[in-house]
Amino acid sequence: MWPFIKPIKLIRYLLVWRVNSSLVWLPRCLSTELSLTLGTMIANRLPTREAGPWRKALAPWDECGGIALVGKKKPDRIPEVSWPMEAVLFAYPGKRTYGQGELILWELKLMGESADHGLFLEVILPAMEEAGSASELRWQHRNVLWGQFDIQAVYAARGQQWEPIVSDGRLDLNYRASPTQWAEGLDFDSKSERIFDCLTWITPFDFSDADQIGRRGHRRTTSRKRIPPHQVPTLQSMLESLTARMSSLLPGKHHTADDVWDVLSAAEQASFQAILEQASHIPVHHKKLKRSPKSWPGRWIGTQTFASIPHSIIPYLELASILHIGKQTHFGCGTFAIS
């Protein structure tokens with residue numbers, strides 16, 4: 001497993017924001033407003049030349065209303081938007097109403113060539129600080145989050161532990177998060193006698209791209225209420241989506257899943273091929289998948305039950321859940337839990 005994850009660069013940040021007003025209403029999908037608001041603030045703070053890629057990346061939002069959407073209902077279908085860096089904005093599931101002193105938690109994942117702690121400190125964190133104290137009228141809507149929170153803490157993942165970068169609002173300038181520490185101490189190869197057969201999607205997923213799931217590329221129409229059989233994730237399609245996801249994180253551009261295979265030795269390739277073959281014979285016994293809510297990214301959410309999930313496959317599924325798979329991963333889509 002370790003040679004498989006060796007080329008992956010990733011820094012995971014846990015953000016803890018403390019509400020400093022009497023009442024805050026979060027949007028239905030926090031990650032979309034995080035992307036729009038923070039992305040816009042970053043673009044506005046950068047010099048013209050550096051801001052260009054950000055404004056281009058945010059252009060699909062402009063077609064839907066741009067920053068006028070802040071604090072308001074978003075389009076029924078979220079546009080294909082991402083920052084000009086490989087970033088995942090994963091808002092932890094929770095309530096929508098917060099009062100004075102309550103904490104909002106979410107995770108920012110910088111991946112691939114964007115896994116740079118300096119980038120976080122110099123570009124992203126200042127935009128967050130501005131967002132917490134924003135006073136301009138365009139950000140001021142009744143009971144919105146922006147301008148009504150303090151950055152209470154920031155942590156960086158080292159394996160299963162979270163190490164403090166910001167504590168009680170104070171930044172530790174001596175801390176340096178590396179793009180490999182996320183995997184330190186993670187025992188992907190641990191053995192367990194527990195039987196796993198259930199997979200619960202924490203965020204919506206979208207595997208409608210044929211290149212990602214290795215099936216015919218039918219797309220869902222807006223009127224479809226049930227997931228087409230060919231879009232129901234199988235263990236095999238999820239592993240194939242993992243390799244596709246990893247290819248996007250390799251240094252350089254225009255990589256394919258074959259480039260991920262090339263990183264592995266002949267023995268490791270044979271081992272992973274055997275796992276793919278094993279996964280192909282495990283059927284989905286039951287599914288309870290429904291359309292993702294309106295104004296949410298992704299297409300489907302719910303649970304699936306398999307005949308069984310072999311222990312040999314679980315480490316790769318754990319990796320897939322960390323990296324997020326499928327489409328619109330920028331908004332945190334494509335992560336799940338197994339039980």
# chains A, B, ... in the order shown; residues from 1 in each chain; ligands from 1
call {"tool": "select_by_dssp", "arguments": {"residues": "range 50-124 of chain A", "states": "strand (DSSP E)", "output": "list in words"}}
result
Ala87, Val88, Leu89, Phe90, Ala91, Thr97, Tyr98, Gly99, Leu103, Ile104, Leu105, Trp106, Glu107, Leu108, Lys109, Leu110 and Met111 of chain A
call {"tool": "closest_residue", "arguments": {"among": "A:Thr37, A:Thr203, A:Thr335, A:Thr303", "to": "Lys287 in chain A", "atoms": "only C-alpha atoms"}}
result
A:Thr303
call {"tool": "atom_distance", "arguments": {"atom1": "CA of Trp182 in chain A", "atom2": "CA of Ala115 in chain A"}}
result
10.9 Å
call {"tool": "residues_around", "arguments": {"residues": "Gly169 in chain A", "least_positions_apart": "6", "cutoff": "9 Å", "atoms": "only C-alpha atoms", "output": "ChimeraX atom specification"}}
result
/A:150-154
call {"tool": "select_by_dssp", "arguments": {"residues": "range 99-252 of chain A", "states": "helix (DSSP H, G or I)", "output": "ChimeraX atom specification"}}
result
/A:112-114,117-133,137-139,181-183,210-213,229-231,235-247
call {"tool": "closest_residue", "arguments": {"among": "A:Pro27, A:Gly298, A:Gly52, A:Gly132", "to": "Ala91 in chain A", "atoms": "only C-alpha atoms"}}
result
A:Pro27
call {"tool": "closest_atom_pairs", "arguments": {"of": "range 289-327 of chain A", "to": "range 76-82 of chain A", "cutoff": "7 Å", "atoms": "only C-alpha atoms", "output": "Markdown table"}}
result
| residue | atom | partner | partner_atom | distance |
| --- | --- | --- | --- | --- |
| A:Lys294 | CA | A:Asp76 | CA | 4.9 |
| A:Ser295 | CA | A:Asp76 | CA | 4.4 |
| A:Trp296 | CA | A:Ile78 | CA | 6.3 |
| A:Pro297 | CA | A:Ile78 | CA | 5.3 |
call {"tool": "write_last_selection", "arguments": {"atoms": "N, CA and C atoms", "output": "compact mmCIF listing (two decimals), in the first residue's frame"}}
result
# COMPACT_ATOMS: atom_id res chain seq x y z
N LYS A 294 -31.52 20.00 -3.74
CA LYS A 294 -31.35 21.13 -4.65
C LYS A 294 -30.33 22.10 -4.07
N SER A 295 -29.60 22.74 -4.95
CA SER A 295 -28.55 23.69 -4.58
C SER A 295 -27.34 23.02 -3.95
N TRP A 296 -27.25 21.72 -4.10
CA TRP A 296 -26.07 20.97 -3.66
C TRP A 296 -25.30 20.48 -4.88
N PRO A 297 -23.97 20.36 -4.76
CA PRO A 297 -23.20 19.72 -5.83
C PRO A 297 -23.39 18.22 -5.77
call {"tool": "atom_distance", "arguments": {"atom1": "CA of Pro293 in chain A", "atom2": "CA of Ala337 in chain A"}}
result
19.7 Å
call {"tool": "residues_around", "arguments": {"residues": "Tyr175 in chain A", "least_positions_apart": "6", "cutoff": "10 Å", "atoms": "only C-alpha atoms", "output": "PDB file with N, CA, C and O atoms, in the first residue's frame"}}
result
ATOM      1  N   HIS A 117       2.273  24.717   2.334  1.00  0.00           N
ATOM      2  CA  HIS A 117       1.884  25.410   3.569  1.00  0.00           C
ATOM      3  C   HIS A 117       2.056  26.923   3.417  1.00  0.00           C
ATOM      4  O   HIS A 117       1.279  27.699   3.976  1.00  0.00           O
ATOM      5  N   ALA A 156      -3.331  20.978  11.542  1.00  0.00           N
ATOM      6  CA  ALA A 156      -2.856  20.220  10.385  1.00  0.00           C
ATOM      7  C   ALA A 156      -2.779  18.755  10.778  1.00  0.00           C
ATOM      8  O   ALA A 156      -2.337  18.416  11.887  1.00  0.00           O
ATOM      9  N   GLU A 163      -2.426  18.592  14.680  1.00  0.00           N
ATOM     10  CA  GLU A 163      -1.443  19.436  15.348  1.00  0.00           C
ATOM     11  C   GLU A 163      -1.823  20.904  15.173  1.00  0.00           C
ATOM     12  O   GLU A 163      -2.183  21.337  14.071  1.00  0.00           O
ATOM     13  N   PRO A 164      -1.723  21.710  16.260  1.00  0.00           N
ATOM     14  CA  PRO A 164      -2.193  23.100  16.194  1.00  0.00           C
ATOM     15  C   PRO A 164      -1.268  24.016  15.392  1.00  0.00           C
ATOM     16  O   PRO A 164      -0.052  23.959  15.503  1.00  0.00           O
ATOM     17  N   ILE A 165      -1.892  24.832  14.554  1.00  0.00           N
ATOM     18  CA  ILE A 165      -1.195  25.897  13.820  1.00  0.00           C
ATOM     19  C   ILE A 165      -1.645  27.251  14.369  1.00  0.00           C
ATOM     20  O   ILE A 165      -0.843  28.159  14.549  1.00  0.00           O
ATOM     21  N   VAL A 166      -2.948  27.348  14.624  1.00  0.00           N
ATOM     22  CA  VAL A 166      -3.522  28.526  15.271  1.00  0.00           C
ATOM     23  C   VAL A 166      -4.237  28.053  16.527  1.00  0.00           C
ATOM     24  O   VAL A 166      -5.050  27.125  16.470  1.00  0.00           O
TER      25      VAL A 166
END
call {"tool": "residues_around", "arguments": {"residues": "range 242-257 of chain A", "least_positions_apart": "2", "cutoff": "6 Å", "atoms": "only C-alpha atoms", "output": "PyMOL selection string"}}
result
chain A and resi 112+239-240+259-260+320
call {"tool": "residues_around", "arguments": {"residues": "Gln304 in chain A", "least_positions_apart": "6", "cutoff": "12 Å", "atoms": "only C-alpha atoms", "output": "PyMOL selection string"}}
result
chain A and resi 196-202+232-235+283-290+336-339
call {"tool": "closest_residue", "arguments": {"among": "A:Ile67, A:Leu23, A:Ala57, A:Leu38", "to": "Arg96 in chain A", "atoms": "only C-alpha atoms"}}
result
A:Leu23
call {"tool": "closest_residue", "arguments": {"among": "A:Asp62, A:Ile5, A:Val19, A:Glu277", "to": "Tyr316 in chain A", "atoms": "only C-alpha atoms"}}
result
A:Ile5
call {"tool": "closest_residue", "arguments": {"among": "A:Leu14, A:Ile227, A:Leu319, A:Val263", "to": "Ser208 in chain A", "atoms": "only C-alpha atoms"}}
result
A:Ile227
call {"tool": "closest_residue", "arguments": {"among": "A:Thr48, A:Thr329, A:Gln278, A:Ser292", "to": "Arg28 in chain A", "atoms": "only C-alpha atoms"}}
result
A:Ser292
call {"tool": "residues_around", "arguments": {"residues": "Ala51 in chain A", "least_positions_apart": "6", "cutoff": "12 Å", "atoms": "only C-alpha atoms", "output": "list in words"}}
result
Gly39, Thr40, Met41, Ile42, Ala43, Asn44, Arg45, Ala57, Leu58, Trp83, Pro84 and Val123 of chain A
call {"tool": "write_last_selection", "arguments": {"atoms": "N, CA, C and O atoms", "output": "PDB file, in the first residue's frame"}}
result
ATOM      1  N   GLY A  39     -12.988  32.376  -2.459  1.00  0.00           N
ATOM      2  CA  GLY A  39     -12.366  32.505  -3.770  1.00  0.00           C
ATOM      3  C   GLY A  39     -12.400  33.937  -4.271  1.00  0.00           C
ATOM      4  O   GLY A  39     -11.414  34.451  -4.816  1.00  0.00           O
ATOM      5  N   THR A  40     -13.550  34.611  -4.087  1.00  0.00           N
ATOM      6  CA  THR A  40     -13.675  36.004  -4.510  1.00  0.00           C
ATOM      7  C   THR A  40     -12.747  36.906  -3.711  1.00  0.00           C
ATOM      8  O   THR A  40     -12.097  37.805  -4.260  1.00  0.00           O
ATOM      9  N   MET A  41     -12.661  36.669  -2.412  1.00  0.00           N
ATOM     10  CA  MET A  41     -11.795  37.496  -1.575  1.00  0.00           C
ATOM     11  C   MET A  41     -10.326  37.291  -1.918  1.00  0.00           C
ATOM     12  O   MET A  41      -9.539  38.247  -1.932  1.00  0.00           O
ATOM     13  N   ILE A  42      -9.948  36.064  -2.203  1.00  0.00           N
ATOM     14  CA  ILE A  42      -8.572  35.800  -2.614  1.00  0.00           C
ATOM     15  C   ILE A  42      -8.258  36.539  -3.911  1.00  0.00           C
ATOM     16  O   ILE A  42      -7.214  37.197  -4.042  1.00  0.00           O
ATOM     17  N   ALA A  43      -9.165  36.453  -4.875  1.00  0.00           N
ATOM     18  CA  ALA A  43      -8.958  37.130  -6.163  1.00  0.00           C
ATOM     19  C   ALA A  43      -8.830  38.635  -5.978  1.00  0.00           C
ATOM     20  O   ALA A  43      -7.993  39.285  -6.617  1.00  0.00           O
ATOM     21  N   ASN A  44      -9.648  39.206  -5.091  1.00  0.00           N
ATOM     22  CA  ASN A  44      -9.617  40.650  -4.868  1.00  0.00           C
ATOM     23  C   ASN A  44      -8.350  41.111  -4.162  1.00  0.00           C
ATOM     24  O   ASN A  44      -7.938  42.267  -4.294  1.00  0.00           O
ATOM     25  N   ARG A  45      -7.722  40.212  -3.411  1.00  0.00           N
ATOM     26  CA  ARG A  45      -6.528  40.569  -2.652  1.00  0.00           C
ATOM     27  C   ARG A  45      -5.250  40.448  -3.483  1.00  0.00           C
ATOM     28  O   ARG A  45      -4.244  41.072  -3.161  1.00  0.00           O
ATOM     29  N   ALA A  57     -11.379  31.071 -13.022  1.00  0.00           N
ATOM     30  CA  ALA A  57     -11.943  29.887 -12.372  1.00  0.00           C
ATOM     31  C   ALA A  57     -13.315  30.174 -11.774  1.00  0.00           C
ATOM     32  O   ALA A  57     -14.185  29.302 -11.740  1.00  0.00           O
ATOM     33  N   LEU A  58     -13.521  31.402 -11.302  1.00  0.00           N
ATOM     34  CA  LEU A  58     -14.783  31.768 -10.667  1.00  0.00           C
ATOM     35  C   LEU A  58     -15.854  32.203 -11.663  1.00  0.00           C
ATOM     36  O   LEU A  58     -17.005  32.451 -11.281  1.00  0.00           O
ATOM     37  N   TRP A  83     -11.289  26.076  -7.627  1.00  0.00           N
ATOM     38  CA  TRP A  83     -10.246  27.077  -7.547  1.00  0.00           C
ATOM     39  C   TRP A  83      -9.116  26.711  -8.512  1.00  0.00           C
ATOM     40  O   TRP A  83      -9.017  25.546  -8.942  1.00  0.00           O
ATOM     41  N   PRO A  84      -8.245  27.664  -8.844  1.00  0.00           N
ATOM     42  CA  PRO A  84      -7.117  27.352  -9.727  1.00  0.00           C
ATOM     43  C   PRO A  84      -5.999  26.658  -8.970  1.00  0.00           C
ATOM     44  O   PRO A  84      -4.813  26.975  -9.132  1.00  0.00           O
ATOM     45  N   VAL A 123      -1.869  33.187   1.251  1.00  0.00           N
ATOM     46  CA  VAL A 123      -2.996  33.483   0.371  1.00  0.00           C
ATOM     47  C   VAL A 123      -4.350  33.149   1.003  1.00  0.00           C
ATOM     48  O   VAL A 123      -5.266  33.980   1.013  1.00  0.00           O
TER      49      VAL A 123
END
call {"tool": "atom_distance", "arguments": {"atom1": "CA of Gln231 in chain A", "atom2": "CA of Pro204 in chain A"}}
result
12.9 Å
call {"tool": "decode", "arguments": {"residues": "range 120-132 of chain A", "atoms": "all heavy atoms", "output": "PDB file, in the first residue's frame"}}
result
ATOM      1  N   PHE A 120      -0.989  28.380   1.909  1.00  0.00           N
ATOM      2  CA  PHE A 120      -2.060  28.506   2.892  1.00  0.00           C
ATOM      3  C   PHE A 120      -1.866  29.760   3.746  1.00  0.00           C
ATOM      4  O   PHE A 120      -2.802  30.540   3.945  1.00  0.00           O
ATOM      5  CB  PHE A 120      -2.115  27.267   3.781  1.00  0.00           C
ATOM      6  CG  PHE A 120      -3.095  27.380   4.922  1.00  0.00           C
ATOM      7  CD1 PHE A 120      -4.456  27.222   4.701  1.00  0.00           C
ATOM      8  CD2 PHE A 120      -2.651  27.652   6.211  1.00  0.00           C
ATOM      9  CE1 PHE A 120      -5.366  27.349   5.745  1.00  0.00           C
ATOM     10  CE2 PHE A 120      -3.555  27.782   7.262  1.00  0.00           C
ATOM     11  CZ  PHE A 120      -4.912  27.620   7.028  1.00  0.00           C
ATOM     12  N   LEU A 121      -0.633  29.970   4.233  1.00  0.00           N
ATOM     13  CA  LEU A 121      -0.371  31.094   5.128  1.00  0.00           C
ATOM     14  C   LEU A 121      -0.460  32.441   4.422  1.00  0.00           C
ATOM     15  O   LEU A 121      -0.966  33.417   4.985  1.00  0.00           O
ATOM     16  CB  LEU A 121       1.022  30.949   5.759  1.00  0.00           C
ATOM     17  CG  LEU A 121       1.231  29.797   6.744  1.00  0.00           C
ATOM     18  CD1 LEU A 121       2.675  29.793   7.234  1.00  0.00           C
ATOM     19  CD2 LEU A 121       0.267  29.878   7.923  1.00  0.00           C
ATOM     20  N   GLU A 122       0.014  32.496   3.190  1.00  0.00           N
ATOM     21  CA  GLU A 122       0.146  33.782   2.500  1.00  0.00           C
ATOM     22  C   GLU A 122      -1.090  34.177   1.696  1.00  0.00           C
ATOM     23  O   GLU A 122      -1.331  35.368   1.485  1.00  0.00           O
ATOM     24  CB  GLU A 122       1.357  33.739   1.566  1.00  0.00           C
ATOM     25  CG  GLU A 122       2.678  33.542   2.303  1.00  0.00           C
ATOM     26  CD  GLU A 122       3.817  33.203   1.372  1.00  0.00           C
ATOM     27  OE1 GLU A 122       3.661  33.374   0.147  1.00  0.00           O
ATOM     28  OE2 GLU A 122       4.880  32.756   1.866  1.00  0.00           O
ATOM     29  N   VAL A 123      -1.869  33.187   1.251  1.00  0.00           N
ATOM     30  CA  VAL A 123      -2.996  33.483   0.371  1.00  0.00           C
ATOM     31  C   VAL A 123      -4.350  33.149   1.003  1.00  0.00           C
ATOM     32  O   VAL A 123      -5.266  33.980   1.013  1.00  0.00           O
ATOM     33  CB  VAL A 123      -2.845  32.728  -0.973  1.00  0.00           C
ATOM     34  CG1 VAL A 123      -4.062  32.975  -1.869  1.00  0.00           C
ATOM     35  CG2 VAL A 123      -1.565  33.159  -1.688  1.00  0.00           C
ATOM     36  N   ILE A 124      -4.483  31.941   1.539  1.00  0.00           N
ATOM     37  CA  ILE A 124      -5.794  31.475   1.982  1.00  0.00           C
ATOM     38  C   ILE A 124      -6.152  31.983   3.372  1.00  0.00           C
ATOM     39  O   ILE A 124      -7.266  32.487   3.595  1.00  0.00           O
ATOM     40  CB  ILE A 124      -5.852  29.932   1.928  1.00  0.00           C
ATOM     41  CG1 ILE A 124      -5.579  29.447   0.501  1.00  0.00           C
ATOM     42  CG2 ILE A 124      -7.209  29.440   2.411  1.00  0.00           C
ATOM     43  CD1 ILE A 124      -5.502  27.949   0.359  1.00  0.00           C
ATOM     44  N   LEU A 125      -5.236  31.876   4.322  1.00  0.00           N
ATOM     45  CA  LEU A 125      -5.535  32.298   5.696  1.00  0.00           C
ATOM     46  C   LEU A 125      -5.886  33.790   5.785  1.00  0.00           C
ATOM     47  O   LEU A 125      -6.856  34.146   6.477  1.00  0.00           O
ATOM     48  CB  LEU A 125      -4.365  31.952   6.610  1.00  0.00           C
ATOM     49  CG  LEU A 125      -4.580  32.215   8.108  1.00  0.00           C
ATOM     50  CD1 LEU A 125      -5.784  31.439   8.626  1.00  0.00           C
ATOM     51  CD2 LEU A 125      -3.326  31.849   8.908  1.00  0.00           C
ATOM     52  N   PRO A 126      -5.161  34.692   5.112  1.00  0.00           N
ATOM     53  CA  PRO A 126      -5.566  36.108   5.168  1.00  0.00           C
ATOM     54  C   PRO A 126      -6.973  36.350   4.625  1.00  0.00           C
ATOM     55  O   PRO A 126      -7.697  37.217   5.134  1.00  0.00           O
ATOM     56  CB  PRO A 126      -4.505  36.803   4.299  1.00  0.00           C
ATOM     57  CG  PRO A 126      -3.307  35.908   4.373  1.00  0.00           C
ATOM     58  CD  PRO A 126      -3.865  34.519   4.409  1.00  0.00           C
ATOM     59  N   ALA A 127      -7.364  35.586   3.594  1.00  0.00           N
ATOM     60  CA  ALA A 127      -8.723  35.732   3.066  1.00  0.00           C
ATOM     61  C   ALA A 127      -9.748  35.274   4.100  1.00  0.00           C
ATOM     62  O   ALA A 127     -10.832  35.863   4.227  1.00  0.00           O
ATOM     63  CB  ALA A 127      -8.869  34.944   1.773  1.00  0.00           C
ATOM     64  N   MET A 128      -9.426  34.233   4.853  1.00  0.00           N
ATOM     65  CA  MET A 128     -10.326  33.778   5.911  1.00  0.00           C
ATOM     66  C   MET A 128     -10.464  34.844   6.994  1.00  0.00           C
ATOM     67  O   MET A 128     -11.570  35.087   7.509  1.00  0.00           O
ATOM     68  CB  MET A 128      -9.797  32.484   6.529  1.00  0.00           C
ATOM     69  CG  MET A 128      -9.852  31.282   5.623  1.00  0.00           C
ATOM     70  SD  MET A 128      -9.294  29.804   6.516  1.00  0.00           S
ATOM     71  CE  MET A 128      -9.275  28.602   5.176  1.00  0.00           C
ATOM     72  N   GLU A 129      -9.348  35.463   7.343  1.00  0.00           N
ATOM     73  CA  GLU A 129      -9.397  36.512   8.363  1.00  0.00           C
ATOM     74  C   GLU A 129     -10.264  37.671   7.891  1.00  0.00           C
ATOM     75  O   GLU A 129     -11.048  38.233   8.662  1.00  0.00           O
ATOM     76  CB  GLU A 129      -7.977  36.985   8.672  1.00  0.00           C
ATOM     77  CG  GLU A 129      -7.132  35.920   9.362  1.00  0.00           C
ATOM     78  CD  GLU A 129      -5.671  36.319   9.482  1.00  0.00           C
ATOM     79  OE1 GLU A 129      -5.221  37.172   8.681  1.00  0.00           O
ATOM     80  OE2 GLU A 129      -4.984  35.779  10.365  1.00  0.00           O
ATOM     81  N   GLU A 130     -10.145  38.032   6.624  1.00  0.00           N
ATOM     82  CA  GLU A 130     -10.977  39.096   6.066  1.00  0.00           C
ATOM     83  C   GLU A 130     -12.441  38.690   6.070  1.00  0.00           C
ATOM     84  O   GLU A 130     -13.326  39.495   6.382  1.00  0.00           O
ATOM     85  CB  GLU A 130     -10.527  39.417   4.637  1.00  0.00           C
ATOM     86  CG  GLU A 130     -11.358  40.506   3.980  1.00  0.00           C
ATOM     87  CD  GLU A 130     -10.945  40.772   2.536  1.00  0.00           C
ATOM     88  OE1 GLU A 130      -9.877  40.296   2.111  1.00  0.00           O
ATOM     89  OE2 GLU A 130     -11.711  41.454   1.833  1.00  0.00           O
ATOM     90  N   ALA A 131     -12.701  37.425   5.739  1.00  0.00           N
ATOM     91  CA  ALA A 131     -14.085  36.945   5.697  1.00  0.00           C
ATOM     92  C   ALA A 131     -14.737  37.001   7.068  1.00  0.00           C
ATOM     93  O   ALA A 131     -15.944  37.237   7.191  1.00  0.00           O
ATOM     94  CB  ALA A 131     -14.129  35.518   5.158  1.00  0.00           C
ATOM     95  N   GLY A 132     -13.944  36.804   8.114  1.00  0.00           N
ATOM     96  CA  GLY A 132     -14.490  36.813   9.462  1.00  0.00           C
ATOM     97  C   GLY A 132     -14.889  38.197   9.936  1.00  0.00           C
ATOM     98  O   GLY A 132     -15.761  38.343  10.803  1.00  0.00           O
TER      99      GLY A 132
END
